[in-house]
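Coordinates as given in query25.cif (mmCIF, C-alpha atoms):
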data_data
#
loop_
_atom_site.group_PDB
_atom_site.id
_atom_site.type_symbol
_atom_site.label_atom_id
_atom_site.label_comp_id
_atom_site.auth_asym_id
_atom_site.auth_seq_id
_atom_site.Cartn_x
_atom_site.Cartn_y
_atom_site.Cartn_z
ATOM 1 C CA MET A 1038 0.000 0.000 0.000
ATOM 2 C CA ILE A 1039 1.330 3.446 -0.915
ATOM 3 C CA VAL A 1040 0.060 6.846 0.145
ATOM 4 C CA ASN A 1041 1.663 9.897 -1.399
ATOM 5 C CA ALA A 1042 0.682 12.650 0.584
ATOM 6 C CA ALA A 1043 6.882 17.646 7.995
ATOM 7 C CA MET A 1044 9.999 17.197 10.047
ATOM 8 C CA PRO A 1045 13.030 19.228 8.875
ATOM 9 C CA LYS A 1046 15.256 17.665 6.258
ATOM 10 C CA THR A 1047 18.412 16.137 7.701
ATOM 11 C CA ASP A 1048 21.410 14.600 5.994
ATOM 12 C CA ASN A 1049 23.332 12.345 8.329
ATOM 13 C CA ALA A 1050 26.354 12.126 6.045
ATOM 14 C CA VAL A 1051 28.099 14.433 3.585
ATOM 15 C CA ARG A 1052 26.620 14.094 0.102
ATOM 16 C CA SER A 1053 28.262 15.191 -3.144
ATOM 17 C CA LYS A 1054 26.218 17.714 -5.102
ATOM 18 C CA THR A 1055 27.341 16.276 -8.420
ATOM 19 C CA ASP A 1056 27.004 12.493 -8.235
ATOM 20 C CA ASN A 1057 24.851 11.812 -5.113
ATOM 21 C CA THR A 1058 27.714 9.788 -3.599
ATOM 22 C CA VAL A 1059 28.232 9.523 0.137
ATOM 23 C CA THR A 1060 31.280 8.103 1.868
ATOM 24 C CA SER A 1061 30.340 7.029 5.379
ATOM 25 C CA LYS A 1062 32.595 6.948 8.402
ATOM 26 C CA ASN A 1063 32.910 3.185 7.891
ATOM 27 C CA ASN A 1064 34.218 3.676 4.351
ATOM 28 C CA TYR A 1065 31.119 2.327 2.647
ATOM 29 C CA LYS A 1066 30.623 3.982 -0.722
ATOM 30 C CA ILE A 1067 26.947 4.918 -0.800
ATOM 31 C CA VAL A 1068 25.228 6.237 -3.910
ATOM 32 C CA TRP A 1069 21.721 7.630 -3.502
ATOM 33 C CA GLU A 1070 20.731 6.694 -7.012
ATOM 34 C CA LYS A 1071 17.142 6.222 -8.135
ATOM 35 C CA LEU A 1072 16.428 2.825 -9.634
ATOM 36 C CA PRO A 1073 16.054 2.681 -13.432
ATOM 37 C CA ALA A 1074 12.473 2.435 -14.655
ATOM 38 C CA ASP A 1075 13.132 -1.059 -16.039
ATOM 39 C CA PHE A 1076 14.726 -2.407 -12.848
ATOM 40 C CA VAL A 1077 13.031 -5.655 -11.843
ATOM 41 C CA LEU A 1078 12.082 -5.405 -8.191
ATOM 42 C CA PRO A 1079 11.864 -8.584 -6.101
ATOM 43 C CA ASP A 1080 8.321 -9.824 -5.631
ATOM 44 C CA ASP A 1081 8.744 -11.597 -2.319
ATOM 45 C CA PRO A 1082 5.604 -12.944 -0.664
ATOM 46 C CA VAL A 1083 4.382 -11.247 2.486
ATOM 47 C CA GLU A 1084 5.934 -13.091 5.432
ATOM 48 C CA ASN A 1085 3.252 -12.125 7.944
ATOM 49 C CA ILE A 1086 -0.393 -12.575 6.984
ATOM 50 C CA ASN A 1087 -1.331 -9.753 9.369
ATOM 51 C CA GLN A 1088 1.086 -7.318 7.727
ATOM 52 C CA PRO A 1089 -1.247 -5.854 5.068
ATOM 53 C CA LEU A 1090 -4.055 -5.404 7.604
ATOM 54 C CA LEU A 1091 -1.774 -3.756 10.171
ATOM 55 C CA ALA A 1092 -0.207 -1.420 7.627
ATOM 56 C CA ALA A 1093 -3.558 -0.386 6.159
ATOM 57 C CA ALA A 1094 -4.978 0.285 9.631
ATOM 58 C CA LEU A 1095 -2.064 2.548 10.592
ATOM 59 C CA THR A 1096 -2.425 4.593 7.408
ATOM 60 C CA GLU A 1097 -6.226 4.757 7.534
ATOM 61 C CA ALA A 1098 -6.232 6.282 11.016
ATOM 62 C CA LEU A 1099 -3.764 8.994 9.936
ATOM 63 C CA ASP A 1100 -5.753 9.716 6.796
ATOM 64 C CA LEU A 1101 -9.123 10.030 8.545
ATOM 65 C CA ALA A 1102 -7.538 12.319 11.149
ATOM 66 C CA GLY A 1103 -6.425 14.643 8.334
ATOM 67 C CA LEU A 1104 -2.738 14.074 9.058
ATOM 68 C CA ILE A 1105 -1.631 13.058 5.557
ATOM 69 C CA THR A 1106 -0.595 15.765 3.104
ATOM 70 C CA PRO A 1107 0.346 15.515 -0.607
ATOM 71 C CA ASN A 1108 4.065 15.949 0.046
ATOM 72 C CA MET A 1109 4.250 12.858 2.288
ATOM 73 C CA LEU A 1110 4.989 9.271 1.396
ATOM 74 C CA ILE A 1111 3.471 6.467 3.450
ATOM 75 C CA ALA A 1112 4.078 3.017 2.063
ATOM 76 C CA SER A 1113 3.897 -0.665 2.866
ATOM 77 C CA ASN A 1114 6.248 -3.291 1.441
ATOM 78 C CA MET A 1115 7.849 -0.744 -0.884
ATOM 79 C CA GLY A 1116 11.576 -1.021 -1.525
ATOM 80 C CA ILE A 1117 13.869 1.618 -0.017
ATOM 81 C CA CYS A 1118 16.933 1.629 -2.244
ATOM 82 C CA THR A 1119 20.540 2.709 -2.464
ATOM 83 C CA ARG A 1120 23.845 1.443 -3.818
ATOM 84 C CA ILE A 1121 26.504 0.333 -1.357
ATOM 85 C CA ASN A 1122 29.954 -0.444 -2.722
ATOM 86 C CA ASP A 1123 28.520 -0.661 -6.245
ATOM 87 C CA LYS A 1124 25.757 -3.121 -5.285
ATOM 88 C CA THR A 1125 22.081 -2.240 -5.281
ATOM 89 C CA VAL A 1126 20.506 -2.817 -1.877
ATOM 90 C CA ILE A 1127 16.754 -2.884 -1.415
ATOM 91 C CA LYS A 1128 14.858 -3.328 1.842
ATOM 92 C CA ALA A 1129 11.072 -3.237 1.975
ATOM 93 C CA PRO A 1130 9.753 -2.318 5.438
ATOM 94 C CA ASP A 1131 6.281 -3.432 6.381
ATOM 95 C CA TRP A 1132 5.394 0.250 6.899
ATOM 96 C CA PHE A 1133 7.291 3.518 6.626
ATOM 97 C CA TYR A 1134 6.600 7.242 6.760
ATOM 98 C CA VAL A 1135 8.410 10.068 4.963
ATOM 99 C CA SER A 1136 7.357 13.593 5.846
ATOM 100 C CA HIS A 1137 8.537 15.202 2.611
ATOM 101 C CA VAL A 1138 9.189 13.770 -0.848
ATOM 102 C CA PHE A 1139 9.680 15.347 -4.236
ATOM 103 C CA PRO A 1140 6.652 14.941 -6.516
ATOM 104 C CA VAL A 1141 6.661 12.497 -9.398
ATOM 105 C CA ALA A 1142 5.388 13.349 -12.872
ATOM 106 C CA GLN A 1143 1.700 12.946 -13.542
ATOM 107 C CA GLY A 1144 0.845 9.373 -14.416
ATOM 108 C CA VAL A 1145 4.081 7.991 -12.950
ATOM 109 C CA VAL A 1146 3.702 5.327 -10.273
ATOM 110 C CA ARG A 1147 6.343 5.376 -7.563
ATOM 111 C CA ARG A 1148 7.710 1.796 -7.490
ATOM 112 C CA SER A 1149 10.542 2.339 -4.994
ATOM 113 C CA TYR A 1150 12.061 5.095 -2.910
ATOM 114 C CA THR A 1151 15.618 6.441 -2.722
ATOM 115 C CA PRO A 1152 16.223 8.813 0.212
ATOM 116 C CA HIS A 1153 18.022 12.115 -0.435
ATOM 117 C CA THR A 1154 17.442 11.788 -4.188
ATOM 118 C CA GLU A 1155 13.638 11.551 -3.974
ATOM 119 C CA GLY A 1156 13.058 13.238 -0.619
ATOM 120 C CA ASP A 1157 13.788 12.987 3.079
ATOM 121 C CA VAL A 1158 15.026 9.988 4.992
ATOM 122 C CA PRO A 1159 11.998 8.139 6.441
ATOM 123 C CA ALA A 1160 11.080 9.379 9.911
ATOM 124 C CA VAL A 1161 10.079 5.889 11.001
ATOM 125 C CA VAL A 1162 10.157 2.358 9.618
ATOM 126 C CA MET A 1163 8.226 -0.600 11.028
ATOM 127 C CA GLU A 1164 8.772 -4.314 10.736
ATOM 128 C CA PHE A 1165 6.145 -6.862 11.786
ATOM 129 C CA LEU A 1166 7.986 -9.939 12.977
ATOM 130 C CA SER A 1167 7.721 -12.994 10.747
ATOM 131 C CA ASP A 1168 7.235 -16.571 11.853
ATOM 132 C CA THR A 1169 10.260 -17.789 9.915
ATOM 133 C CA ASP A 1170 13.311 -15.802 11.026
ATOM 134 C CA THR A 1171 14.618 -12.872 13.022
ATOM 135 C CA GLY A 1172 15.873 -10.853 10.066
ATOM 136 C CA GLU A 1173 14.300 -7.711 11.501
ATOM 137 C CA TYR A 1174 17.061 -7.663 14.136
ATOM 138 C CA SER A 1175 19.942 -8.513 11.796
ATOM 139 C CA LEU A 1176 23.087 -6.386 12.105
ATOM 140 C CA ARG A 1177 24.889 -8.155 9.256
ATOM 141 C CA PRO A 1178 27.392 -5.559 7.941
ATOM 142 C CA ILE A 1179 28.126 -7.247 4.609
ATOM 143 C CA TYR A 1180 26.023 -7.718 1.509
ATOM 144 C CA PRO A 1181 23.063 -8.221 1.411
ATOM 145 C CA TYR A 1182 23.177 -6.493 4.841
ATOM 146 C CA GLY A 1183 20.858 -6.943 7.797
ATOM 147 C CA LYS A 1184 17.693 -4.880 8.045
ATOM 148 C CA MET A 1185 18.527 -3.241 11.352
ATOM 149 C CA TRP A 1186 22.075 -2.499 10.220
ATOM 150 C CA PHE A 1187 20.809 -0.999 6.955
ATOM 151 C CA TYR A 1188 18.266 1.217 8.721
ATOM 152 C CA GLU A 1189 20.723 2.222 11.457
ATOM 153 C CA GLN A 1190 24.048 2.639 9.671
ATOM 154 C CA ILE A 1191 23.144 3.443 6.066
ATOM 155 C CA LEU A 1192 19.744 5.131 6.086
ATOM 156 C CA GLN A 1193 20.097 6.406 9.668
ATOM 157 C CA ILE A 1194 16.351 6.360 10.207
ATOM 158 C CA PRO A 1195 15.459 8.116 13.480
ATOM 159 C CA VAL A 1196 12.869 5.584 14.706
ATOM 160 C CA TYR A 1197 12.798 1.820 14.167
ATOM 161 C CA VAL A 1198 9.720 -0.133 15.305
ATOM 162 C CA THR A 1199 9.356 -3.895 15.576
ATOM 163 C CA PHE A 1200 6.046 -5.548 16.446
ATOM 164 C CA ASP A 1201 5.093 -9.140 17.133
ATOM 165 C CA THR A 1202 1.428 -9.609 16.239
ATOM 166 C CA ASP A 1203 1.257 -12.997 17.949
ATOM 167 C CA THR A 1204 2.303 -11.729 21.372
ATOM 168 C CA GLY A 1205 1.551 -8.018 21.085
ATOM 169 C CA VAL A 1206 5.148 -7.131 22.003
ATOM 170 C CA LEU A 1207 6.099 -3.701 20.667
ATOM 171 C CA GLU A 1208 9.672 -2.391 20.651
ATOM 172 C CA VAL A 1209 10.639 1.145 19.655
ATOM 173 C CA ARG A 1210 14.236 2.163 19.041
ATOM 174 C CA HIS A 1211 15.569 5.701 18.598
ATOM 175 C CA LEU A 1212 18.782 6.513 16.783
ATOM 176 C CA GLU A 1213 21.088 7.969 19.423
ATOM 177 C CA SER A 1214 24.750 8.748 18.652
ATOM 178 C CA GLY A 1215 24.596 6.543 15.573
ATOM 179 C CA LYS A 1216 23.123 3.505 17.351
ATOM 180 C CA TYR A 1217 19.598 2.288 17.975
ATOM 181 C CA GLU A 1218 18.627 2.446 21.641
ATOM 182 C CA ILE A 1219 15.473 0.683 22.803
ATOM 183 C CA GLN A 1220 12.986 3.035 24.461
ATOM 184 C CA ALA A 1221 10.836 2.597 27.550
ATOM 185 C CA PRO A 1222 7.077 3.155 27.182
ATOM 186 C CA ASP A 1223 5.137 5.806 29.069
ATOM 187 C CA PRO A 1224 2.781 4.802 31.935
ATOM 188 C CA GLN A 1225 0.081 3.957 29.373
ATOM 189 C CA GLY A 1226 2.449 1.611 27.546
ATOM 190 C CA ARG A 1227 2.829 3.942 24.561
ATOM 191 C CA TYR A 1228 5.775 5.495 22.747
ATOM 192 C CA PHE A 1229 6.054 9.015 21.391
ATOM 193 C CA ILE A 1230 7.077 9.040 17.708
ATOM 194 C CA PRO A 1231 8.776 12.431 17.126
ATOM 195 C CA GLY A 1232 8.574 12.531 13.315
ATOM 196 C CA ILE A 1233 4.807 12.011 13.393
ATOM 197 C CA ASN A 1234 4.092 13.732 16.736
ATOM 198 C CA LEU A 1235 1.797 10.956 17.886
ATOM 199 C CA PHE A 1236 1.969 8.149 20.415
ATOM 200 C CA LEU A 1237 2.122 4.543 19.228
ATOM 201 C CA GLY A 1238 0.751 1.689 21.299
ATOM 202 C CA VAL A 1239 -0.847 -1.747 21.229
ATOM 203 C CA TRP A 1240 -4.606 -2.355 21.204
ATOM 204 C CA GLN A 1241 -6.286 -5.753 21.208
ATOM 205 C CA GLY A 1242 -9.589 -6.079 19.440
ATOM 206 C CA THR A 1243 -11.433 -6.772 16.211
ATOM 207 C CA ARG A 1244 -11.174 -5.055 12.847
ATOM 208 C CA LEU A 1245 -12.651 -6.475 9.660
ATOM 209 C CA GLU A 1246 -13.674 -9.569 11.668
ATOM 210 C CA HIS A 1247 -10.006 -10.173 12.536
ATOM 211 C CA ASN A 1248 -9.275 -10.311 16.255
ATOM 212 C CA THR A 1249 -5.614 -9.730 17.113
ATOM 213 C CA TYR A 1250 -3.145 -7.187 18.467
ATOM 214 C CA TRP A 1251 -3.091 -3.934 16.517
ATOM 215 C CA LEU A 1252 -0.851 -0.887 16.484
ATOM 216 C CA ARG A 1253 -2.825 2.283 17.185
ATOM 217 C CA TRP A 1254 -2.117 6.007 17.259
ATOM 218 C CA TRP A 1255 -2.958 8.366 20.144
ATOM 219 C CA ASP A 1256 -2.658 12.140 20.127
ATOM 220 C CA GLU A 1257 -1.290 14.329 22.930
ATOM 221 C CA SER A 1258 -4.727 14.485 24.578
ATOM 222 C CA GLU A 1259 -4.642 10.659 24.827
ATOM 223 C CA THR A 1260 -7.420 10.354 22.261
ATOM 224 C CA MET A 1261 -7.091 7.301 20.040
ATOM 225 C CA LEU A 1262 -7.264 7.960 16.290
ATOM 226 C CA LEU A 1263 -10.214 6.002 14.971
ATOM 227 C CA TRP A 1264 -10.595 3.758 11.954
ATOM 228 C CA GLY A 1265 -13.389 4.283 9.452
ATOM 229 C CA SER A 1266 -15.543 1.500 10.901
ATOM 230 C CA GLU A 1267 -15.189 3.006 14.376
ATOM 231 C CA ARG A 1268 -16.120 6.443 13.104
ATOM 232 C CA ILE A 1269 -19.226 4.980 11.454
ATOM 233 C CA GLU A 1270 -20.150 3.224 14.701
ATOM 234 C CA GLN A 1271 -19.489 6.418 16.640
ATOM 235 C CA GLU A 1272 -21.784 8.359 14.305
ATOM 236 C CA ARG A 1273 -24.410 5.602 14.557
ATOM 237 C CA GLN A 1274 -24.312 5.782 18.340
ATOM 238 C CA LYS A 1275 -24.481 9.577 18.219
ATOM 239 C CA THR A 1276 -27.475 9.419 15.895
ATOM 240 C CA GLU A 1277 -29.141 6.845 18.155
ATOM 241 C CA GLN A 1278 -28.502 8.991 21.216
ATOM 242 C CA GLU A 1279 -29.985 12.019 19.455
ATOM 243 C CA ARG A 1280 -32.998 9.918 18.412
ATOM 244 C CA GLN A 1281 -33.469 8.709 21.973
ATOM 245 C CA LYS A 1282 -33.137 12.264 23.268
ATOM 246 C CA ALA A 1283 -35.723 13.478 20.761
ATOM 247 C CA GLU A 1284 -38.020 10.615 21.758
ATOM 248 C CA GLN A 1285 -37.600 11.485 25.431
ATOM 249 C CA GLU A 1286 -38.428 15.127 24.644
ATOM 250 C CA ARG A 1287 -41.479 13.987 22.687
ATOM 251 C CA GLN A 1288 -42.612 11.765 25.539
ATOM 252 C CA LYS A 1289 -42.037 14.587 28.024
ATOM 253 C CA ALA A 1290 -44.083 16.965 25.870
ATOM 254 C CA GLU A 1291 -46.807 14.328 25.583
ATOM 255 C CA GLN A 1292 -46.837 13.867 29.360
ATOM 256 C CA GLU A 1293 -47.113 17.643 29.817
ATOM 257 C CA ARG A 1294 -49.955 17.739 27.304
ATOM 258 C CA GLN A 1295 -51.751 14.891 29.058
ATOM 259 C CA LYS A 1296 -51.218 16.577 32.437
ATOM 260 C CA ALA A 1297 -52.662 19.835 31.111
ATOM 261 C CA GLU A 1298 -55.597 17.934 29.616
ATOM 262 C CA GLN A 1299 -56.238 16.206 32.956
ATOM 263 C CA GLU A 1300 -56.145 19.573 34.732
ATOM 264 C CA ARG A 1301 -58.600 20.994 32.228
ATOM 265 C CA LEU A 1302 -60.920 18.021 32.657
ATOM 266 C CA ARG A 1303 -60.727 18.306 36.444
ATOM 267 C CA ALA A 1304 -61.537 22.000 36.251
ATOM 268 C CA GLU A 1305 -64.536 21.319 33.976
ATOM 269 C CA ALA A 1306 -65.714 18.531 36.290
ATOM 270 C CA ALA A 1307 -65.471 20.854 39.308
ATOM 271 C CA GLU A 1308 -67.477 23.539 37.490
ATOM 272 C CA GLN A 1309 -70.119 21.006 36.519
ATOM 273 C CA GLN A 1310 -70.369 19.743 40.125
ATOM 274 C CA LEU A 1311 -70.748 23.300 41.404
ATOM 275 C CA ALA A 1312 -73.438 24.060 38.846
ATOM 276 C CA GLN A 1313 -75.304 20.865 39.742
ATOM 277 C CA LEU A 1314 -75.112 21.720 43.450
ATOM 278 C CA LYS A 1315 -76.486 25.195 42.860
ATOM 279 C CA GLU A 1316 -79.313 23.741 40.799
ATOM 280 C CA ARG A 1317 -80.272 21.335 43.565
ATOM 281 C CA LEU A 1318 -80.201 24.145 46.122
ATOM 282 C CA ARG A 1319 -82.436 26.296 43.941
ATOM 283 C CA GLN A 1320 -84.824 23.414 43.625
ATOM 284 C CA ALA A 1321 -84.785 23.186 47.422
ATOM 285 C CA GLY A 1322 -85.841 26.844 47.623
ATOM 286 C CA ILE A 1323 -82.484 28.317 48.520
ATOM 287 C CA THR A 1324 -81.635 31.322 46.436
ATOM 288 C CA ASP A 1325 -78.227 32.521 45.323
ATOM 289 C CA SER A 1326 -78.561 35.607 47.525
ATOM 290 C CA GLU A 1327 -79.055 33.422 50.538
ATOM 291 C CA LEU A 1328 -75.945 31.458 49.586
ATOM 292 C CA GLY A 1329 -74.028 34.682 49.089
ATOM 293 C CA THR A 1330 -73.179 33.743 45.505
ATOM 294 C CA GLY A 1331 -74.172 35.022 42.166
ATOM 295 C CA ASP A 1332 -74.284 33.721 38.623
#

Mind converting the file's structure to structure tokens?
Amino acid sequence: MIVNAAMPKTDNAVRSKTDNTVTSKNNYKIVWEKLPADFVLPDDPVENINQPLLAAALTEALDLAGLITPNMLIASNMGICTRINDKTVIKAPDWFYVSHVFPVAQGVVRRSYTPHTEGDVPAVVMEFLSDTDTGEYSLRPIYPYGKMWFYEQILQIPVYVTFDTDTGVLEVRHLESGKYEIQAPDPQGRYFIPGINLFLGVWQGTRLEHNTYWLRWWDESETMLLWGSERIEQERQKTEQERQKAEQERQKAEQERQKAEQERLRAEAAEQQLAQLKERLRQAGITDSELGTGD
């Protein structure tokens, strides 16, 4: 899934203005070169069956909250590319967020992403742990390079998130002095993600009839960003509450009307009883003047 939609731009190494080449402190020759249009990207199967659902849910909540703009790139399973020592290296995170990218020409589909050349370094990448290996933690420093090493040493992505959907274990690492350091959650078990300015946490429940652990966003007021289905349910409940309130008002008005009608009937009955009493007294020979009353 790809969303093209701001954190200041930062270059964590010195880049040549003429050939996009970077020489890192570890003497890796890095070229931020966009892939050719005819480059055949690997079509690896998704390792985690929950991955597409998790990625879509994260993006949907941001979108419905109005937090995605045209200059952003939010993608799932899209290759982030560069050349290291003359070899093309591609890693496809399960979800990543770039606050600012350069636009592509109309009709062009973005098939991959090269930081620096096409926009900012991603503010955050996420990997949902697979059942088959622990590649998300790999620090392999030689080709084809481990994911964590690539994100930490080459891309220098500020925030790296790993999430186990089976256990609900969430780990957030921040890049500090060139190394990823695991962070401690806040008292609510959430982590602040600086590049997005939201809190990330785990929520267990059902979405699209799929009950599992989900990653959710919270804002600074501790309000959870809702999915579309939740917003629909929220609106349904609001409409039902308004209907019930209107019905209660109608019933109250009806009770007031009935009460007024009862009072009117009681008043009419009292007048009729008084008139009947006067009539009987007249028939008994007692006049109104004797009673001290008049018509």

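Atom pair atom CA of Pro1073 of chain A / atom CA of Ala1129 of chain A has a distance of 17.2 Å (rounded to one decimal).
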
Given all atoms listed in the file as the counted atoms, nearest of A:Ala1102, A:Ser1149, A:Thr1154, A:Ala1092 to Pro1079 of chain A: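 Once distances to Pro1079 of chain A are computed over all atoms listed in the file, the minimum belongs to A:Ser1149.
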
Of the listed residues A:Val1141, A:Ile1121, A:Leu1245, A:Val1162, that which approaches Asn1064 of chain A most closely, counting only C-alpha atoms: A:Ile1121

For Tyr1180 of chain A, the nearest of the candidates A:Thr1125, A:Ser1136, A:Gln1320, A:Thr1204, counting only C-alpha atoms: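 Answer, going by the shortest atom-to-atom distance: A:Thr1125.
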
Specify the axis-aligned box that encloses all atoms of segment 1164-1183 of chain A listed in the file after padding of 3 Å on each side, stating its centre and edge lengths in Å to one decimal as AutoDock Vina command-line options.
--center_x 17.1 --center_y -11.1 --center_z 7.8 --size_x 28.0 --size_y 19.5 --size_z 18.7

Computed interatomic separation between atom CA of Leu1263 of chain A and atom CA of Asp1157 of chain A (Å):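 Value for the atom CA of Leu1263 of chain A-atom CA of Asp1157 of chain A distance: 27.7 Å.
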
Picked residues, the PyMOL selection byres ((chain A and resi 1148) around 8), expected as a count of residues only: 6

Pick from A:Leu1095, A:Ile1086, A:Ile1127, A:Leu1072, whichever lies nearest to Trp1254 of chain A using all atoms listed in the file: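 The closest residue to Trp1254 of chain A is A:Leu1095.
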
Residues selected by the PyMOL selection byres ((chain A and resi 1164) around 10), written as a PyMOL selection string: chain A and resi 1085+1088+1092+1113-1114+1129-1133+1162-1163+1165-1167+1172-1174+1184-1185+1197-1201

Between atom CA of Pro1181 of chain A and atom CA of Ala1093 of chain A - distance in Å to one decimal: 28.2 Å

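Minimum atom-to-atom distances from A:Phe1187, A:Tyr1134, A:Trp1069, A:Tyr1182 to Thr1151 of chain A were compared using only C-alpha atoms, and the lowest value belongs to A:Trp1069.
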
A:His1137, A:Arg1227, A:Lys1296, A:Arg1244 ranked by distance to Ser1266 of chain A, top pick (using only C-alpha atoms):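 Of A:His1137, A:Arg1227, A:Lys1296, A:Arg1244, the one nearest Ser1266 of chain A is A:Arg1244, counting only C-alpha atoms.
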